[in-house]
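Comments concern the structure below.
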There are 2 protein chains.
Amino acid sequence: MAHGLEPLLHPKTVAIIGASDAPERIGGRPISYMKSAGYSGKIFPVNPKRETVQGIPAYASIKDISESVDTAIVSVPAKIAVQSIQDCIDAGVKSAVIFTAGFAEMDEDGAAAQREMEEIIRASDMRAVGPNCLGVFNVKDGWYGTFANAPGMVEVPPGPVGIVTQSGAYGSHVFGAAQARRVGANYWVTTGNECDVDVAEVIEYYAQAQDVKVILAYAEGMKSADRICRALEMARDAGKPVIFQKVGKSDIGALAAASHTASLAGSDAVYDALFKQYGVYRAESTEEMVNIAYACQFDRYPEGRKISLQTISGGVGVQMADAADKYDLDVEPMPEGTQKKLKELLPFAAVRNPVDFTAQALNEPHLMEENLILTVEEADYDAFIIYMAGVAGSSFTRQGVLDLLTRLRKKYPDQIWFLSTTRVDDTVGDYEEIGMPCYSDPDVTVQSMAALMGFGETFRRGRPDAPPMLPAGALPAPDTAVGEFEAKQILASAGIPVTRESLATDPEQAVAAWQEIAGPVVMKIASPDILHKTEIGGVLLNVDDEASVADGYATLLERAESAKPGARIDGVIVAEMAQAGVETVMGVVIDPVFGPAVMFGLGGVFVEVLKDVTFRLAPFGIDEAHRMIDEIQGRAMLDGVRGAPPADIDALAEALSRLSVFAHANKDKIESIDVNPFIVTPTGAVAVDGLIVPADHSQ
Amino acid sequence: MAHGLEPLLHPKTVAIIGASDAPERIGGRPISYMKSAGYSGKIFPVNPKRETVQGIPAYASIKDISESVDTAIVSVPAKIAVQSIQDCIDAGVKSAVIFTAGFAEMDEDGAAAQREMEEIIRASDMRAVGPNCLGVFNVKDGWYGTFANAPGMVEVPPGPVGIVTQSGAYGSHVFGAAQARRVGANYWVTTGNECDVDVAEVIEYYAQAQDVKVILAYAEGMKSADRICRALEMARDAGKPVIFQKVGKSDIGALAAASHTASLAGSDAVYDALFKQYGVYRAESTEEMVNIAYACQFDRYPEGRKISLQTISGGVGVQMADAADKYDLDVEPMPEGTQKKLKELLPFAAVRNPVDFTAQALNEPHLMEENLILTVEEADYDAFIIYMAGVAGSSFTRQGVLDLLTRLRKKYPDQIWFLSTTRVDDTVGDYEEIGMPCYSDPDVTVQSMAALMGFGETFRRGRPDAPPMLPAGALPAPDTAVGEFEAKQILASAGIPVTRESLATDPEQAVAAWQEIAGPVVMKIASPDILHKTEIGGVLLNVDDEASVADGYATLLERAESAKPGARIDGVIVAEMAQAGVETVMGVVIDPVFGPAVMFGLGGVFVEVLKDVTFRLAPFGIDEAHRMIDEIQGRAMLDGVRGAPPADIDALAEALSRLSVFAHANKDKIESIDVNPFIVTPTGAVAVDGLIVPADHSQ
């Protein structure tokens, strides 16, 4: 079955409501563009005041068109837009592109009108983009449902790239930048206020479209977690890279986003989590987005991160090695034997990696050819970057380089080779023809290669591990505030290791608990009303004889009573002293759009000063938990520093995954969870404290 | 007096030794280029086998030329290059451009030949670039002492930019990228193996040249600290920005650099220090370098970091706000009153900052004009970025935007306004004419503005504070290994606060010291042979009664004897317990090129796991020390976290500065210094331990 957006992106019949005879006016531009681009479908201008529009017979109303209309462009004043939409629905129009502005982006009245529009569209079979959008286009079909100056921007042939943006102005910018970077985007959709079709659904469309291989998306926020997750999953399963620019990272940016769109933007860290989870590349700039899209057009992804750096300039070799370090590529040295052979071939060359074949290759190009052949045959790199300065473009030397590389590409068509050359202009087309993406800036070349490698990893990995099952006897999250002891019992029932402990309600029980533990204990006041126990002296460490345990019980109750008279006291927790280990923090927050997200970080300054934390959407499996652990800055702490033994990372990963499962199962009952500290020892891990804040904690 | 490189960069008479009649050959290219570029000086081909070269009368030898030769290009095989140079010197040639390769970059024989060449040049009055370089050029003069295809790359008029690179191939790349970015470089020098002229001296030349306002430099390493420091100081004093790409940041990069050049590269952190100290912008990529040079061409630097973001697209407003956060710009909100007025003017606009004047400005451009006037008149921004999507370039709207901005630029010629527009091509020339740099990528626009602001700060600041004087009674650094006690006495004499302490040589002295301190003490074994005292139990904390002090003395001696029999024992240090504070680390390393560099970081994981440290070249004043402190990631620790009081940052800054003065005064005597920990309390700072490793510590 065809995708629901098919009529919007491949219409055979197009109506323009508010069609203008003047080709420069908003209602005139789509007609003018389609005429000049040779659109092969039928165009039905709707304008009650004219017989013809731009030479095409006009209709007084959408209802007067006898043929079935795939798409109607709505370019009418805001006050009659809702009626126009209703007319389209009544006339059986399959999809609408609503240019009209003045809705939720404007004021409360506009928002109300948009809600009305939304309701009638949702109740119908018609799909719509907008309102307040710049429309859609499809270069190959000559379909220009837009008033952006799109045909004027088309310079490179349409390729396998689909663009979707919320902002129309920025969508045009991205298309223009893509053209300048030789990226042949074919599809372009701007979703505007998203009363129906959103960025997620367009990604989904691109994920299933045969002629799209690369997806560029831009958003300020998203309203449906399910739709975007499904769309990104489809793209990943189809092996299509998604390059996403999500703005509003900074506090100022988020503030500006709130003043601009009607989107209920999830907090930015949650978007980071989403993108990491689905292997989406998060771009921070237009240039980054189009530079990476450019490489993705070649639709070939490295198997790993081992890079061969080949250069005609030693200095640029160093620069690329620096960049490889920055973007986490593996500059593995050439095999010793190959280095030896290369040294015989090129006595003055550096042969380790980077291989600096020097300007000698200019005089004796066969040396460069033999060098590349040797490297492919004897070494095991996942990709190559070849820096040629001006040599690949200069009229003196260009043909020789092209001939040489053409021979080699025929010999090794599956190798992934990037060419870095001084100028990227029309002359690089011949290199692109033989499957070599061309870049000017060596640093950007390496960055783009790193992005390809990231996609390669994502595609090879495929679907992540399934999350573990919630254990059969798992307790539900509490409905009201509970103390640490109960919180930890609940977490323990969900498979998260906690300290061995008992809740004593008199000194005798406390002593019995101490005897049971058979070693030094920590004693803590247990009260749902006392969250910061240390501040009131509510924790006693290293208690290890009968009298001290009994006295300790009394002391804690006295301190609680004097610090917080009337607090509910559950008793005193008597717990084993946690083993020495690395202090970490796990947590859960509920995002209004994406639901529960699990946080992980190291304790102390790592979280408090450096904000060195990472998030994932719940639930997730063990493999995803390992990836979380691996991406924090302070990762080395877990390997053991200052002679400490390595921490049990598997136990940590399992706990994170199990916490995500618990959070997901209880997503409607909780507001947040803190497991802090969660001590990871050399042979396990244990939650020393836990806090579960129920969703409605006012009760 | 003219600068010594004047004959090299503005020659009136040029000889080409090894001149070729074939314009495409290395020895033919300079002649061909100069002829076609209309070089107005005299060209003297030197070729004993020909009567004329490319139509110009040839000479058999440089000695046959009767006129004084400003520059001789040496394009002969390596085996006769040294003789050629000698001939030039004998003939009174003022400067030489040595293309010939096959010297230090090749092998030991080449290095020896280069040393010979160096010696004869140094002994003469002739200056030289190379060997193994691509030469020099000066576009305005039509002087092309290069075999790079330079005239073929010139597309934009020569402007106020000077380029200098060690690598010739990369130098061409930078020139090409600059041209593509509309950066009109006029001077271009590649220094190759630097047997005489180095990158530093060319920077110095540009710093004093009237027609250079922006300096682009590239190096893999430098050999003379004095020359580069002097050159950067001159550039700063002249208000000329230096944008520097120094490669070899990563371990792999540094390894590759070592295999490529003969440079004695200082360690990379020291280059960071150098660049920060002189306000140099360190670029990581060619694009970054030319994008920033582009803005610098306009020669106007903001007074501060307050930025007004103006946008026709709300989404790009958010994106620019994110970028402003990343690059540390101040997105100060508009004054309340002005926001009110703007809201009346543009009811649908966001008016806080970013100001999103929306596409309404398209229909009513006067609204945008009034908005900008209001913002200039009523707010106090240091610079503006105006994002116009495709509107500033589209044929429908371009003239209106240009007229409007032209009026405003006339009204406010000193304002610093950047234009961000979809395409930067020839059509932006008109905006550049009215003093507005044009960028495509909004993120890059903000990054480049941040760079301008950094230069503005550097130029306003001018010369940094003078370092303090070394105190009159300062002790010299030791000639042989000394223990902690003596090291701290020396540091204390140099003005660095250390713990109050005594060295006791018997238990009675220890007790007396404890009485003197009148509080709990720490006791530490004092031995130049025991560096890691805690590991042998050589430290006792919190000792506070007579018997314990006396016993402690004995215990420490026993432990030292059993852990390290025969170690030299100076006694036992009895020191006050340091006050609670923030643990920091200060250190000194001696760089082979740059001499002593001072390191600063926070203690514990900040240094050990996060490598969060910064360096400066010694000596430096208090202001520079403050800048060091402000740039570490964990800076917030010093402001007090978890309710701790703020640390005495002035005391810390003074100590860093004094350590730099001590290191500078003793640079030939030391190998390194560690002051670790250096505790910064709310009311001072104190070194708890200190280690001075003498330069020749084998003795």
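Just remember, in the structure tokens the first chain shown is A, the second B, etc., residues are 1-based per chain, and ligands are 1-based in the order shown.
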Can you tell me, as a ChimeraX atom specification, which residues in stretch 413-578 of chain A count as strand (DSSP E) by DSSP?
/A:417-420,438-439,501-504,521-526,539-543,571-576
Serialized selection, C-alpha atoms, as a short mmCIF file (atom, residue, chain, number, x, y, z; two decimals), in the first residue's frame:
data_model
loop_
_atom_site.label_atom_id
_atom_site.label_comp_id
_atom_site.auth_asym_id
_atom_site.auth_seq_id
_atom_site.Cartn_x
_atom_site.Cartn_y
_atom_site.Cartn_z
CA TRP A 417 38.13 6.60 -0.50
CA PHE A 418 37.65 10.32 0.12
CA LEU A 419 39.63 12.88 -1.85
CA SER A 420 40.71 16.08 -0.12
CA CYS A 438 35.62 15.36 -2.58
CA TYR A 439 36.30 17.76 0.27
CA GLU A 501 19.77 -4.04 55.38
CA SER A 502 16.84 -4.24 57.78
CA LEU A 503 14.43 -1.73 59.15
CA ALA A 504 14.54 -1.90 62.93
CA VAL A 521 27.01 -1.36 59.88
CA VAL A 522 25.69 2.04 58.98
CA MET A 523 22.57 3.17 60.84
CA LYS A 524 20.22 5.69 59.26
CA ILE A 525 17.02 7.28 60.45
CA ALA A 526 14.13 6.04 58.29
CA VAL A 539 23.47 8.71 59.73
CA LEU A 540 25.97 6.80 61.89
CA LEU A 541 28.81 5.05 60.11
CA ASN A 542 30.87 2.01 61.04
CA VAL A 543 28.94 0.93 64.12
CA GLY A 571 12.45 3.28 62.44
CA VAL A 572 16.17 2.93 61.84
CA ILE A 573 17.80 1.26 58.86
CA VAL A 574 20.69 -1.02 59.78
CA ALA A 575 22.72 -1.70 56.68
CA GLU A 576 25.99 -3.31 55.73
#
Shell of 7 Å around stretch 624-636 of chain B, only C-alpha atoms, local chain residues under 2 positions omitted, as a VMD selection string
(chain A and resid 609 to 610) or (chain B and resid 612 to 614 620 to 622 638 to 640 653 656 to 657)
In stretch 446-476 of chain A, what's alpha helix (DSSP H) per DSSP? Answer as a PyMOL selection string?
chain A and resi 446-461
Would you give me, as a VMD selection string, the residues of chain B that come within 6 Å of chain A, using only C-alpha atoms?
chain B and resid 106 169 173 247 to 250 252 to 253 256 to 257 260 285 to 286 313 to 314 318 to 319 321 to 322 348 389 422 441 443
Give me the residues near A:Arg127 as JSON, numbers by chain, where near means some atom within 12 Å (using only C-alpha atoms) and where sequence neighbours in that chain fewer than 4 positions away do not count.
{"A": [3, 4, 5, 6, 7, 8, 9, 70, 71, 72, 73, 85, 88, 89, 92, 93, 94, 95, 96, 97, 98, 117, 118, 119, 120, 121, 122, 123, 191, 194, 195, 196, 197, 198, 201, 202]}
Keeping only N, CA, C and O atoms, take the residues you just selected and write them out as a compact mmCIF listing (two decimals), in the first residue's frame.
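Full text of again14.txt as output:
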# COMPACT_ATOMS: atom_id res chain seq x y z
N HIS A 3 2.28 4.86 0.82
CA HIS A 3 2.33 5.64 2.05
C HIS A 3 1.31 6.79 1.98
O HIS A 3 1.05 7.33 0.90
N GLY A 4 0.75 7.15 3.12
CA GLY A 4 -0.27 8.19 3.17
C GLY A 4 0.18 9.54 2.64
O GLY A 4 -0.65 10.38 2.26
N LEU A 5 1.49 9.79 2.60
CA LEU A 5 1.96 11.09 2.12
C LEU A 5 2.25 11.07 0.62
O LEU A 5 2.69 12.08 0.07
N GLU A 6 1.98 9.93 -0.04
CA GLU A 6 2.26 9.81 -1.47
C GLU A 6 1.58 10.93 -2.29
O GLU A 6 2.24 11.55 -3.14
N PRO A 7 0.28 11.21 -2.07
CA PRO A 7 -0.36 12.26 -2.87
C PRO A 7 0.28 13.63 -2.66
O PRO A 7 0.26 14.48 -3.55
N LEU A 8 0.86 13.83 -1.48
CA LEU A 8 1.48 15.12 -1.16
C LEU A 8 2.81 15.28 -1.88
O LEU A 8 3.19 16.38 -2.27
N LEU A 9 3.53 14.17 -2.06
CA LEU A 9 4.88 14.27 -2.61
C LEU A 9 4.97 13.86 -4.08
O LEU A 9 5.95 14.19 -4.74
N ASP A 70 -5.09 15.43 -5.98
CA ASP A 70 -4.12 14.84 -5.05
C ASP A 70 -3.70 15.84 -3.98
O ASP A 70 -3.62 15.52 -2.80
N THR A 71 -3.39 17.05 -4.42
CA THR A 71 -2.94 18.07 -3.46
C THR A 71 -3.56 19.42 -3.78
O THR A 71 -3.58 19.83 -4.95
N ALA A 72 -4.03 20.08 -2.74
CA ALA A 72 -4.47 21.46 -2.89
C ALA A 72 -3.54 22.36 -2.09
O ALA A 72 -3.28 22.11 -0.90
N ILE A 73 -3.01 23.40 -2.77
CA ILE A 73 -2.24 24.42 -2.07
C ILE A 73 -3.22 25.46 -1.57
O ILE A 73 -4.04 25.96 -2.34
N ILE A 85 -10.16 24.83 3.91
CA ILE A 85 -9.77 23.45 4.27
C ILE A 85 -11.01 22.56 4.27
O ILE A 85 -11.01 21.45 3.72
N CYS A 88 -11.94 21.73 0.84
CA CYS A 88 -11.06 20.70 0.28
C CYS A 88 -11.53 19.32 0.73
O CYS A 88 -11.59 18.37 -0.07
N ILE A 89 -11.79 19.21 2.00
CA ILE A 89 -12.23 17.91 2.55
C ILE A 89 -13.53 17.48 1.87
O ILE A 89 -13.66 16.34 1.42
N GLY A 92 -13.12 16.04 -1.43
CA GLY A 92 -12.37 14.79 -1.53
C GLY A 92 -10.91 14.96 -1.87
O GLY A 92 -10.26 14.03 -2.37
N VAL A 93 -10.37 16.14 -1.64
CA VAL A 93 -8.94 16.39 -1.87
C VAL A 93 -8.12 15.47 -0.96
O VAL A 93 -8.47 15.27 0.20
N LYS A 94 -7.03 14.89 -1.51
CA LYS A 94 -6.29 13.91 -0.71
C LYS A 94 -5.27 14.53 0.25
O LYS A 94 -4.97 13.96 1.29
N SER A 95 -4.72 15.68 -0.14
CA SER A 95 -3.76 16.32 0.77
C SER A 95 -3.74 17.82 0.52
O SER A 95 -4.11 18.28 -0.56
N ALA A 96 -3.29 18.56 1.55
CA ALA A 96 -3.26 20.02 1.43
C ALA A 96 -1.92 20.56 1.90
O ALA A 96 -1.30 20.01 2.81
N VAL A 97 -1.50 21.62 1.23
CA VAL A 97 -0.29 22.36 1.63
C VAL A 97 -0.77 23.74 2.03
O VAL A 97 -1.22 24.53 1.19
N ILE A 98 -0.71 24.03 3.34
CA ILE A 98 -1.34 25.27 3.84
C ILE A 98 -0.26 26.33 4.06
O ILE A 98 0.47 26.30 5.06
N MET A 117 -8.89 23.98 12.82
CA MET A 117 -8.39 23.40 11.58
C MET A 117 -7.91 21.96 11.81
O MET A 117 -8.22 21.04 11.04
N GLU A 118 -7.18 21.80 12.90
CA GLU A 118 -6.65 20.49 13.27
C GLU A 118 -7.77 19.47 13.42
O GLU A 118 -7.68 18.35 12.92
N GLU A 119 -8.82 19.89 14.11
CA GLU A 119 -9.91 18.96 14.37
C GLU A 119 -10.59 18.50 13.09
O GLU A 119 -10.83 17.31 12.91
N ILE A 120 -10.85 19.45 12.20
CA ILE A 120 -11.55 19.01 10.98
C ILE A 120 -10.64 18.16 10.09
O ILE A 120 -11.09 17.23 9.44
N ILE A 121 -9.35 18.45 10.11
CA ILE A 121 -8.43 17.63 9.30
C ILE A 121 -8.33 16.22 9.89
O ILE A 121 -8.41 15.23 9.19
N ARG A 122 -8.16 16.15 11.21
CA ARG A 122 -8.02 14.83 11.86
C ARG A 122 -9.26 13.97 11.65
O ARG A 122 -9.17 12.76 11.57
N ALA A 123 -10.42 14.64 11.57
CA ALA A 123 -11.66 13.90 11.39
C ALA A 123 -11.85 13.46 9.94
O ALA A 123 -12.78 12.70 9.64
N THR A 191 7.19 21.74 7.50
CA THR A 191 5.96 21.34 8.19
C THR A 191 5.29 22.47 8.96
O THR A 191 4.16 22.31 9.43
N GLU A 194 2.57 22.33 11.97
CA GLU A 194 2.29 20.90 12.15
C GLU A 194 0.90 20.60 12.71
O GLU A 194 0.76 19.90 13.71
N CYS A 195 -0.11 21.10 12.05
CA CYS A 195 -1.45 20.76 12.52
C CYS A 195 -1.78 19.31 12.19
O CYS A 195 -2.66 18.72 12.79
N ASP A 196 -1.07 18.72 11.24
CA ASP A 196 -1.28 17.30 10.93
C ASP A 196 0.06 16.60 10.71
O ASP A 196 0.59 15.98 11.63
N VAL A 197 0.63 16.71 9.54
CA VAL A 197 1.90 16.04 9.25
C VAL A 197 3.02 16.71 10.04
O VAL A 197 3.12 17.94 10.06
N ASP A 198 3.85 15.90 10.70
CA ASP A 198 4.98 16.47 11.44
C ASP A 198 6.29 15.93 10.86
O ASP A 198 6.30 15.10 9.96
N GLU A 201 6.71 12.14 10.68
CA GLU A 201 6.03 11.38 9.63
C GLU A 201 6.74 11.53 8.28
O GLU A 201 6.76 10.60 7.48
N VAL A 202 7.31 12.69 8.06
CA VAL A 202 8.04 12.86 6.80
C VAL A 202 9.30 12.00 6.81
O VAL A 202 9.67 11.39 5.80
Figure out the distance between atom CA of A:Gly38 and atom CA of A:Ser20, please, to one decimal in Å.
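Pair atom CA of A:Ser20 / atom CA of A:Gly38 returns 18.8 Å.
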Report as a PDB file with N, CA, C and O atoms, in the first residue's frame all protein, DNA and RNA residues lying within 12 Å of B:Thr480, evaluated on only C-alpha atoms, omitting residues in the same chain fewer than 6 positions from it.
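Wrote part24.pdb, looks like this:
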ATOM      1  N   GLU B 486      63.085  21.657  52.299  1.00  0.00           N
ATOM      2  CA  GLU B 486      63.951  22.658  51.681  1.00  0.00           C
ATOM      3  C   GLU B 486      63.279  23.245  50.429  1.00  0.00           C
ATOM      4  O   GLU B 486      63.348  24.452  50.186  1.00  0.00           O
ATOM      5  N   ALA B 487      62.621  22.374  49.676  1.00  0.00           N
ATOM      6  CA  ALA B 487      61.930  22.852  48.474  1.00  0.00           C
ATOM      7  C   ALA B 487      60.916  23.930  48.855  1.00  0.00           C
ATOM      8  O   ALA B 487      60.834  24.988  48.223  1.00  0.00           O
ATOM      9  N   PRO B 528      65.325  13.335  50.899  1.00  0.00           N
ATOM     10  CA  PRO B 528      65.369  13.566  49.441  1.00  0.00           C
ATOM     11  C   PRO B 528      65.260  12.255  48.663  1.00  0.00           C
ATOM     12  O   PRO B 528      65.021  12.275  47.464  1.00  0.00           O
ATOM     13  N   ASP B 529      65.402  11.126  49.366  1.00  0.00           N
ATOM     14  CA  ASP B 529      65.350   9.839  48.666  1.00  0.00           C
ATOM     15  C   ASP B 529      63.958   9.215  48.697  1.00  0.00           C
ATOM     16  O   ASP B 529      63.736   8.168  48.094  1.00  0.00           O
ATOM     17  N   LYS B 669      68.357  26.031  35.886  1.00  0.00           N
ATOM     18  CA  LYS B 669      68.716  25.156  37.004  1.00  0.00           C
ATOM     19  C   LYS B 669      67.688  24.074  37.269  1.00  0.00           C
ATOM     20  O   LYS B 669      67.952  23.148  38.029  1.00  0.00           O
ATOM     21  N   ILE B 670      66.496  24.223  36.711  1.00  0.00           N
ATOM     22  CA  ILE B 670      65.448  23.269  37.069  1.00  0.00           C
ATOM     23  C   ILE B 670      65.018  22.412  35.878  1.00  0.00           C
ATOM     24  O   ILE B 670      65.165  22.808  34.727  1.00  0.00           O
ATOM     25  N   GLU B 671      64.491  21.235  36.210  1.00  0.00           N
ATOM     26  CA  GLU B 671      63.856  20.426  35.184  1.00  0.00           C
ATOM     27  C   GLU B 671      62.346  20.549  35.323  1.00  0.00           C
ATOM     28  O   GLU B 671      61.626  20.630  34.341  1.00  0.00           O
ATOM     29  N   LEU B 691      58.047  20.013  45.280  1.00  0.00           N
ATOM     30  CA  LEU B 691      59.145  19.217  44.748  1.00  0.00           C
ATOM     31  C   LEU B 691      59.824  20.044  43.661  1.00  0.00           C
ATOM     32  O   LEU B 691      59.165  20.533  42.747  1.00  0.00           O
ATOM     33  N   ILE B 692      61.141  20.205  43.809  1.00  0.00           N
ATOM     34  CA  ILE B 692      61.900  20.896  42.762  1.00  0.00           C
ATOM     35  C   ILE B 692      62.912  19.900  42.218  1.00  0.00           C
ATOM     36  O   ILE B 692      63.777  19.425  42.957  1.00  0.00           O
ATOM     37  N   VAL B 693      62.761  19.549  40.940  1.00  0.00           N
ATOM     38  CA  VAL B 693      63.717  18.619  40.334  1.00  0.00           C
ATOM     39  C   VAL B 693      64.783  19.445  39.613  1.00  0.00           C
ATOM     40  O   VAL B 693      64.455  20.215  38.705  1.00  0.00           O
ATOM     41  N   PRO B 694      66.029  19.338  40.058  1.00  0.00           N
ATOM     42  CA  PRO B 694      67.068  20.166  39.410  1.00  0.00           C
ATOM     43  C   PRO B 694      67.346  19.689  37.976  1.00  0.00           C
ATOM     44  O   PRO B 694      67.055  18.543  37.634  1.00  0.00           O
ATOM     45  N   ALA B 695      67.880  20.590  37.192  1.00  0.00           N
ATOM     46  CA  ALA B 695      68.094  20.319  35.769  1.00  0.00           C
ATOM     47  C   ALA B 695      68.910  19.055  35.565  1.00  0.00           C
ATOM     48  O   ALA B 695      68.540  18.183  34.782  1.00  0.00           O
ATOM     49  N   ASP B 696      70.023  18.961  36.289  1.00  0.00           N
ATOM     50  CA  ASP B 696      70.813  17.754  36.131  1.00  0.00           C
ATOM     51  C   ASP B 696      70.632  16.933  37.387  1.00  0.00           C
ATOM     52  O   ASP B 696      71.415  17.005  38.316  1.00  0.00           O
ATOM     53  N   HIS B 697      69.584  16.128  37.410  1.00  0.00           N
ATOM     54  CA  HIS B 697      69.246  15.434  38.645  1.00  0.00           C
ATOM     55  C   HIS B 697      69.923  14.074  38.726  1.00  0.00           C
ATOM     56  O   HIS B 697      69.622  13.267  39.571  1.00  0.00           O
ATOM     57  N   SER B 698      70.871  13.827  37.821  1.00  0.00           N
ATOM     58  CA  SER B 698      71.590  12.556  37.925  1.00  0.00           C
ATOM     59  C   SER B 698      72.606  12.642  39.056  1.00  0.00           C
ATOM     60  O   SER B 698      73.075  11.644  39.563  1.00  0.00           O
ATOM     61  N   GLN B 699      72.949  13.887  39.443  1.00  0.00           N
ATOM     62  CA  GLN B 699      73.992  14.046  40.465  1.00  0.00           C
ATOM     63  C   GLN B 699      73.441  13.832  41.861  1.00  0.00           C
ATOM     64  O   GLN B 699      72.358  14.260  42.153  1.00  0.00           O
TER      65      GLN B 699
END
So that I can check the surroundings of A:Ile673, please list as a tab-separated table (two decimals) with N, CA, C and O atoms, in the first residue's frame every protein, DNA and RNA residue that reaches within 10 Å of it, counting only C-alpha atoms and ignoring chain neighbours fewer than 6 positions away.
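Output saved as around.tsv:
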chain	number	residue	atom	x	y	z
A	487	ALA	N	11.84	2.45	49.37
A	487	ALA	CA	12.26	2.73	47.99
A	487	ALA	C	13.27	1.69	47.53
A	487	ALA	O	13.17	1.14	46.43
A	491	LEU	N	13.15	-1.02	44.49
A	491	LEU	CA	14.19	-1.10	43.46
A	491	LEU	C	14.80	-2.51	43.43
A	491	LEU	O	15.05	-3.07	42.36
A	586	MET	N	22.54	7.11	39.38
A	586	MET	CA	21.56	6.75	38.34
A	586	MET	C	20.28	7.53	38.68
A	586	MET	O	19.99	7.75	39.86
A	587	GLY	N	19.55	7.91	37.66
A	587	GLY	CA	18.32	8.62	37.95
A	587	GLY	C	17.32	8.43	36.85
A	587	GLY	O	17.64	7.91	35.77
A	588	VAL	N	16.10	8.83	37.12
A	588	VAL	CA	15.05	8.80	36.10
A	588	VAL	C	14.32	10.13	36.15
A	588	VAL	O	14.04	10.65	37.23
A	589	VAL	N	14.07	10.71	34.98
A	589	VAL	CA	13.18	11.88	34.91
A	589	VAL	C	12.08	11.53	33.91
A	589	VAL	O	12.27	10.69	33.04
A	590	ILE	N	10.96	12.18	34.06
A	590	ILE	CA	9.87	11.96	33.12
A	590	ILE	C	9.76	13.18	32.23
A	590	ILE	O	9.47	14.28	32.69
A	596	PRO	N	9.77	8.41	30.45
A	596	PRO	CA	10.91	8.22	31.34
A	596	PRO	C	12.24	8.16	30.60
A	596	PRO	O	12.37	7.47	29.59
A	598	VAL	N	16.46	7.70	31.51
A	598	VAL	CA	17.39	7.31	32.57
A	598	VAL	C	18.68	8.10	32.42
A	598	VAL	O	19.21	8.26	31.32
A	599	MET	N	19.15	8.64	33.56
A	599	MET	CA	20.39	9.39	33.59
A	599	MET	C	21.49	8.57	34.22
A	599	MET	O	21.23	7.81	35.14
A	659	LEU	N	16.84	-0.48	35.75
A	659	LEU	CA	16.17	0.74	36.20
A	659	LEU	C	15.28	1.29	35.09
A	659	LEU	O	14.17	1.77	35.33
A	663	ALA	N	11.34	1.95	35.32
A	663	ALA	CA	10.81	3.29	35.05
A	663	ALA	C	9.73	3.24	33.98
A	663	ALA	O	8.69	3.90	34.08
A	690	GLY	N	18.22	5.52	47.94
A	690	GLY	CA	17.29	5.55	46.82
A	690	GLY	C	16.10	6.42	47.16
A	690	GLY	O	15.70	6.52	48.33
A	691	LEU	N	15.60	7.11	46.15
A	691	LEU	CA	14.46	8.00	46.35
A	691	LEU	C	13.54	7.85	45.16
A	691	LEU	O	13.98	7.97	44.01
A	692	ILE	N	12.27	7.56	45.44
A	692	ILE	CA	11.29	7.50	44.35
A	692	ILE	C	10.24	8.58	44.63
A	692	ILE	O	9.57	8.54	45.67
A	693	VAL	N	10.15	9.57	43.76
A	693	VAL	CA	9.15	10.62	43.94
A	693	VAL	C	7.92	10.25	43.11
A	693	VAL	O	8.01	10.12	41.89
A	694	PRO	N	6.77	10.03	43.77
A	694	PRO	CA	5.59	9.62	43.01
A	694	PRO	C	5.07	10.76	42.14
A	694	PRO	O	5.34	11.94	42.40
